[in-house]
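Notes for the one structure printed next.
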Amino acid sequence: MTSFEDFSLSRRVQQSIDEMGFEEPSPIQAACIPIVLSGSDAIGQAQTGTGKTAAFGIPIVERATPDKHVQALVLTPTRELAIQVAGEFRKIGKYKRVRTLPIYGGQSIGHQIRALQQGVQVVIGTPGRVLDHLRRGTLKLSHVKTVVLDEADEMLDMGFIEDIESILKETPDERQTLLFSATFPSEVKRLSGRYMKSPQHVTVNRGEMTVPLIDQVYYKVLERSKLDSLCRVVDSEEVQLGIIFCRTKRGVDELVEALLARGYLGDGLHGDLSQAQRDRVMKKFRDNDIELLVATDVAARGIDVENVTHVINYDIPQDPESYVHRIGRTGRAGKRGLAITLVTPREFKLLKQIERETHAKMMVREVPSLEDVAERQAEGWRNRIVEAIQSGGLGHYRAILGNIIDDHDPIDVACAALKLASAGELENQSDVDYDFGDTGATPGMVRFFVNVGRSARISPADLVRTISEEAGVPGQSVGKIDIFDRFTFVEIEQESAPFVYEALRQSRINGARVNMEPAKPRTRTR
Ligand code: AMP
């Protein structure tokens with residue numbers, strides 16, 4: 001087992017990692033960080049969600065010098081990824097004060113030029129815009145020590161090969177080149193063959209894994225309403241003792257706080273707690289004083305509790321092995337257990353990889369609607385009231401009510417008592433889903449505008465396939481498709497629309513860069 005301390009990172013970088021709440025390196029990081037620190041070229045096979053960004057971000061920041069010229073260049077296929085990677089670099093470089101800048105098309109070039117003039121050490125950009133700056137002379141790569149090709153397969157799919165080659169030619173020959181890709185088609189191999197020097201290959205260990213006999217389900221959730229979805233899932237299950245997994249220590253603290261605020265009995269466990277604190281939390285969990293234990297992978301490793309009825313992956317595990325470890329916390333001693341994984345549209349491919357490699361059978365479930373949850377809660381209260389009547393001993397309360405019945409309708413009295421007793425639990429709740437408004441769609445559907453059409457050789461079949469693969473929704477959810485020369489309208493069933501929107505609003509179809517927006521009603525084409 002590796003720890004971040006094993007890499008002997010400088011104090012300031014280690015401090016950032018601690019603050020980000022990472023407890024231990026993910027498998028891709030454990031393998032990659034020493035190689036990158038040593039200066040070798042590396043090829044990493046990794047999906048989003050595995051921690052690949054920090055796998056190159058940590059060593060690049062560690063090796064950065066105070067000189068104010070571009071030392072590392074990261075190329076990404078999309079602007080969204082550039083922004084995300086830049087955000088991760090900013091966190092890693094916070095105490096070392098490494099200056100990073102994302103540069104991508106669509107943002108004012110003047111702003112980027114001014115920022116570059118101030119001296120930037122790490123540039124994260126999309127190939128087109130990076131090339132643009134090189135041609136204008138506003139970006140100089142002559143001092144670059146490391147180049148990262150992130151999601152190389154995607155970049156090549158999008159037709160960026162020539163741009164990438166032109167950019168690489170502007171960097172010193174003795175540079176370090178890192179390439180990350182989920183897949184390795186021949187074009188990616190050719191690129192690495194031509195531009196990399198004896199790269200070391202990093203694939204995360206894929207031993208055969210045996211998954212304990214546990215029912216496994218997953219829920220597709222939206223990033224922006226993940227907490228709400230978790231609560232609904234918990235409310236719809238008979239959770240007696242559940243462990244909820246988060247990726248970071250910080251994530252644990254935040255989730256515990258949010259759950260307590262919503263009235264759940266929970267507590268958290270992570271590596272920053274002292275042994276005494278840990279023991280206290282574990283005692284509460286064993287004594288059933290709390291029903292939900294929120295934990296990081298590391299913290300949960302040491303615990304041994306029977307009777308865990310549910311394991312919930314609030315954050316998807318970073319690799320198949322950790323999935324197997326996590327879910328093995330339930331279903332012990334021949335008891336039944338349920339493993340639940342929440343997956344956001346962006347993580348869907350990682351879930352599929354976990355499913356493949358663990359040979360797991362995960363059934364998809366729908367997050368219960370507010371009505372379902374409300375009905376279950378209402379039924380719970382009705383049962384409790386009936387039980388209270390049957391178990392008697394109400395005389396004391398009758399005396400407290402006094403002659404209130406003379407002046408008020410008994411039903412009103414019962415309703416008021418229920419309102420007070422339920423303390424807000426039964427109030428109307430509002431949904432936090434996307435509201436696409438009127439998109440001019442057929443009833444029950446949401447109509448989207450997609451900025452590619454016939455000229456990008458898009459066919460209805462491509463569209464349906466991409467939508468179902470990327471967003472994990474069935475092809476039947478896709479309705480009417482109108483393809484024009486330069487754009488397309490596509491209708492998606494209302495329930496699936498938010499997933500399709502989160503997964504596809506910035507992606508690619510057939511290599512073409514795609515932007516997807518809810519359509520406006522006046523653009524109706526019929
Ligand atoms: P990535 O695969 O780079 O997109 O990372 C996915 C998420 O995992 C990001 O939110 C990272 O901040 C987080 N992450 C990366 N490394 C670790 C780690 N060692 N422990 C916990 N979380 C991590």
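Ligands are numbered from 1 in the order shown, chains are lettered A, B, ... in the order of the structure tokens, and residues start at 1 in each chain.
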Quick one: contact table of chain A to ligand 1, 7 Å max, nearest atom pair and distance in Å to one decimal per residue, counting only C-alpha atoms and all ligand atoms, chain and number order, as CSV?
```
residue,atom,partner,partner_atom_place_in_ligand_line,distance
A:Gly21,CA,ligand 1,21 (C),6.6
A:Phe22,CA,ligand 1,20 (N),3.8
A:Glu23,CA,ligand 1,20 (N),5.7
A:Glu24,CA,ligand 1,19 (N),5.0
A:Pro25,CA,ligand 1,19 (N),4.0
A:Ser26,CA,ligand 1,19 (N),4.6
A:Gln47,CA,ligand 1,2 (O),6.3
A:Thr48,CA,ligand 1,2 (O),3.9
A:Gly49,CA,ligand 1,2 (O),3.3
A:Thr50,CA,ligand 1,2 (O),3.9
A:Gly51,CA,ligand 1,2 (O),3.5
A:Lys52,CA,ligand 1,3 (O),4.1
A:Thr53,CA,ligand 1,3 (O),3.6
A:Ala54,CA,ligand 1,15 (C),5.7
A:Glu88,CA,ligand 1,12 (O),6.6
A:Arg247,CA,ligand 1,21 (C),4.7
A:Thr248,CA,ligand 1,21 (C),4.7
```
Just the selected residues (N, CA, C and O atoms), exported as a PDB file, in the first residue's frame, please.
```pdb
ATOM      1  N   GLY A  21      -8.144  16.807   0.757  1.00  0.00           N
ATOM      2  CA  GLY A  21      -8.831  15.702   1.419  1.00  0.00           C
ATOM      3  C   GLY A  21      -8.480  14.335   0.854  1.00  0.00           C
ATOM      4  O   GLY A  21      -9.158  13.359   1.130  1.00  0.00           O
ATOM      5  N   PHE A  22      -7.412  14.242   0.057  1.00  0.00           N
ATOM      6  CA  PHE A  22      -7.022  12.926  -0.459  1.00  0.00           C
ATOM      7  C   PHE A  22      -6.318  12.171   0.665  1.00  0.00           C
ATOM      8  O   PHE A  22      -5.378  12.697   1.260  1.00  0.00           O
ATOM      9  N   GLU A  23      -6.726  10.956   0.923  1.00  0.00           N
ATOM     10  CA  GLU A  23      -6.078  10.197   1.988  1.00  0.00           C
ATOM     11  C   GLU A  23      -4.927   9.354   1.500  1.00  0.00           C
ATOM     12  O   GLU A  23      -3.925   9.196   2.156  1.00  0.00           O
ATOM     13  N   GLU A  24      -5.132   8.749   0.332  1.00  0.00           N
ATOM     14  CA  GLU A  24      -4.047   7.934  -0.207  1.00  0.00           C
ATOM     15  C   GLU A  24      -4.135   7.997  -1.722  1.00  0.00           C
ATOM     16  O   GLU A  24      -5.184   8.330  -2.268  1.00  0.00           O
ATOM     17  N   PRO A  25      -3.031   7.685  -2.404  1.00  0.00           N
ATOM     18  CA  PRO A  25      -3.036   7.772  -3.855  1.00  0.00           C
ATOM     19  C   PRO A  25      -4.006   6.749  -4.447  1.00  0.00           C
ATOM     20  O   PRO A  25      -4.125   5.640  -3.921  1.00  0.00           O
ATOM     21  N   SER A  26      -4.685   7.124  -5.514  1.00  0.00           N
ATOM     22  CA  SER A  26      -5.496   6.138  -6.225  1.00  0.00           C
ATOM     23  C   SER A  26      -4.517   5.243  -6.984  1.00  0.00           C
ATOM     24  O   SER A  26      -3.350   5.595  -7.138  1.00  0.00           O
ATOM     25  N   GLN A  47      -9.691   6.231 -17.119  1.00  0.00           N
ATOM     26  CA  GLN A  47     -10.942   6.958 -17.377  1.00  0.00           C
ATOM     27  C   GLN A  47     -11.059   8.142 -16.428  1.00  0.00           C
ATOM     28  O   GLN A  47     -10.399   8.177 -15.398  1.00  0.00           O
ATOM     29  N   THR A  48     -11.975   9.018 -16.730  1.00  0.00           N
ATOM     30  CA  THR A  48     -12.334  10.077 -15.786  1.00  0.00           C
ATOM     31  C   THR A  48     -12.873   9.412 -14.518  1.00  0.00           C
ATOM     32  O   THR A  48     -13.621   8.446 -14.607  1.00  0.00           O
ATOM     33  N   GLY A  49     -12.471   9.943 -13.365  1.00  0.00           N
ATOM     34  CA  GLY A  49     -12.965   9.367 -12.115  1.00  0.00           C
ATOM     35  C   GLY A  49     -11.922   8.515 -11.411  1.00  0.00           C
ATOM     36  O   GLY A  49     -12.078   8.144 -10.261  1.00  0.00           O
ATOM     37  N   THR A  50     -10.815   8.216 -12.114  1.00  0.00           N
ATOM     38  CA  THR A  50      -9.781   7.367 -11.522  1.00  0.00           C
ATOM     39  C   THR A  50      -8.727   8.186 -10.781  1.00  0.00           C
ATOM     40  O   THR A  50      -7.836   7.629 -10.154  1.00  0.00           O
ATOM     41  N   GLY A  51      -8.813   9.512 -10.895  1.00  0.00           N
ATOM     42  CA  GLY A  51      -7.795  10.369 -10.280  1.00  0.00           C
ATOM     43  C   GLY A  51      -6.638  10.647 -11.222  1.00  0.00           C
ATOM     44  O   GLY A  51      -5.546  10.998 -10.796  1.00  0.00           O
ATOM     45  N   LYS A  52      -6.875  10.510 -12.526  1.00  0.00           N
ATOM     46  CA  LYS A  52      -5.777  10.648 -13.489  1.00  0.00           C
ATOM     47  C   LYS A  52      -5.215  12.061 -13.529  1.00  0.00           C
ATOM     48  O   LYS A  52      -4.029  12.255 -13.765  1.00  0.00           O
ATOM     49  N   THR A  53      -6.057  13.065 -13.300  1.00  0.00           N
ATOM     50  CA  THR A  53      -5.559  14.445 -13.391  1.00  0.00           C
ATOM     51  C   THR A  53      -4.472  14.688 -12.348  1.00  0.00           C
ATOM     52  O   THR A  53      -3.411  15.231 -12.666  1.00  0.00           O
ATOM     53  N   ALA A  54      -4.723  14.282 -11.118  1.00  0.00           N
ATOM     54  CA  ALA A  54      -3.715  14.485 -10.076  1.00  0.00           C
ATOM     55  C   ALA A  54      -2.512  13.573 -10.313  1.00  0.00           C
ATOM     56  O   ALA A  54      -1.406  13.874  -9.856  1.00  0.00           O
ATOM     57  N   GLU A  88      -8.045  21.655 -10.911  1.00  0.00           N
ATOM     58  CA  GLU A  88      -7.314  20.674 -10.101  1.00  0.00           C
ATOM     59  C   GLU A  88      -5.861  21.143  -9.896  1.00  0.00           C
ATOM     60  O   GLU A  88      -5.326  21.061  -8.791  1.00  0.00           O
ATOM     61  N   ARG A 247     -15.247  10.127  -1.612  1.00  0.00           N
ATOM     62  CA  ARG A 247     -13.887  10.076  -2.119  1.00  0.00           C
ATOM     63  C   ARG A 247     -12.882  10.730  -1.171  1.00  0.00           C
ATOM     64  O   ARG A 247     -11.786  10.259  -1.001  1.00  0.00           O
ATOM     65  N   THR A 248     -13.258  11.853  -0.581  1.00  0.00           N
ATOM     66  CA  THR A 248     -12.278  12.610   0.209  1.00  0.00           C
ATOM     67  C   THR A 248     -12.743  12.831   1.648  1.00  0.00           C
ATOM     68  O   THR A 248     -13.925  12.725   1.956  1.00  0.00           O
TER      69      THR A 248
END
```
Identify, with DSSP run on backbone atoms, the residues in range 336-441 of chain A assigned to strand (DSSP E), and express the list as a ChimeraX atom specification. /A:338-343,362-365
With only C-alpha atoms as the counted atoms, please give the residues lying no more than 12 Å from Arg135 in chain A, apart from itself and same-chain residues fewer than 5 positions off, as number ranges by chain. A: 128-130, 140-141, 163, 166-167, 170
Using only C-alpha atoms, which protein or nucleic acid residues come within 7 Å of Val122 in chain A? Drop anything in the same chain fewer than 6 positions from it, and give the result as a list in words.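 The neighbour list is Val70, Gln71, Ala72, Leu73, Arg99, Thr100 and Leu101 of chain A.
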Mind checking which residues fall within 8 Å of Ile483 in chain A, counting only C-alpha atoms, ignoring those fewer than 5 positions away in the same chain, and posting them as number ranges by chain? A: 453-454, 458-460, 488-489
For N, CA, C and O atoms, I'd like the residues from the last selection saved as an mmCIF file, in the first residue's frame.
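For reference, selection_35.cif as written:
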```
data_model
loop_
_atom_site.group_PDB
_atom_site.id
_atom_site.type_symbol
_atom_site.label_atom_id
_atom_site.label_comp_id
_atom_site.auth_asym_id
_atom_site.auth_seq_id
_atom_site.Cartn_x
_atom_site.Cartn_y
_atom_site.Cartn_z
ATOM 1 N N GLY A 453 -24.993 19.114 -37.679
ATOM 2 C CA GLY A 453 -26.048 18.556 -38.528
ATOM 3 C C GLY A 453 -25.481 17.743 -39.670
ATOM 4 O O GLY A 453 -24.407 17.147 -39.531
ATOM 5 N N ARG A 454 -26.207 17.773 -40.774
ATOM 6 C CA ARG A 454 -25.853 16.935 -41.920
ATOM 7 C C ARG A 454 -24.421 17.196 -42.393
ATOM 8 O O ARG A 454 -23.720 16.293 -42.800
ATOM 9 N N ILE A 458 -23.880 13.585 -39.608
ATOM 10 C CA ILE A 458 -24.569 12.967 -38.472
ATOM 11 C C ILE A 458 -25.815 12.260 -38.994
ATOM 12 O O ILE A 458 -26.583 12.855 -39.748
ATOM 13 N N SER A 459 -26.009 11.034 -38.587
ATOM 14 C CA SER A 459 -27.249 10.357 -38.969
ATOM 15 C C SER A 459 -28.076 10.146 -37.707
ATOM 16 O O SER A 459 -27.536 10.160 -36.601
ATOM 17 N N PRO A 460 -29.394 9.936 -37.865
ATOM 18 C CA PRO A 460 -30.220 9.690 -36.675
ATOM 19 C C PRO A 460 -29.680 8.523 -35.858
ATOM 20 O O PRO A 460 -29.661 8.562 -34.633
ATOM 21 N N THR A 488 -29.274 20.346 -35.449
ATOM 22 C CA THR A 488 -30.224 19.246 -35.314
ATOM 23 C C THR A 488 -31.139 19.527 -34.131
ATOM 24 O O THR A 488 -30.708 20.117 -33.145
ATOM 25 N N PHE A 489 -32.388 19.107 -34.247
ATOM 26 C CA PHE A 489 -33.272 19.114 -33.084
ATOM 27 C C PHE A 489 -33.563 17.676 -32.703
ATOM 28 O O PHE A 489 -33.828 16.852 -33.568
#
```
Closest of A:Arg336, A:Lys352, A:Lys145, A:Lys189 to Thr309 in chain A - atom-to-atom distances counting only C-alpha atoms: A:Arg336
Write out as a count of residues only the set of residues from range 200-394 of chain A that DSSP, computed on the backbone, places in alpha helix (DSSP H). 81
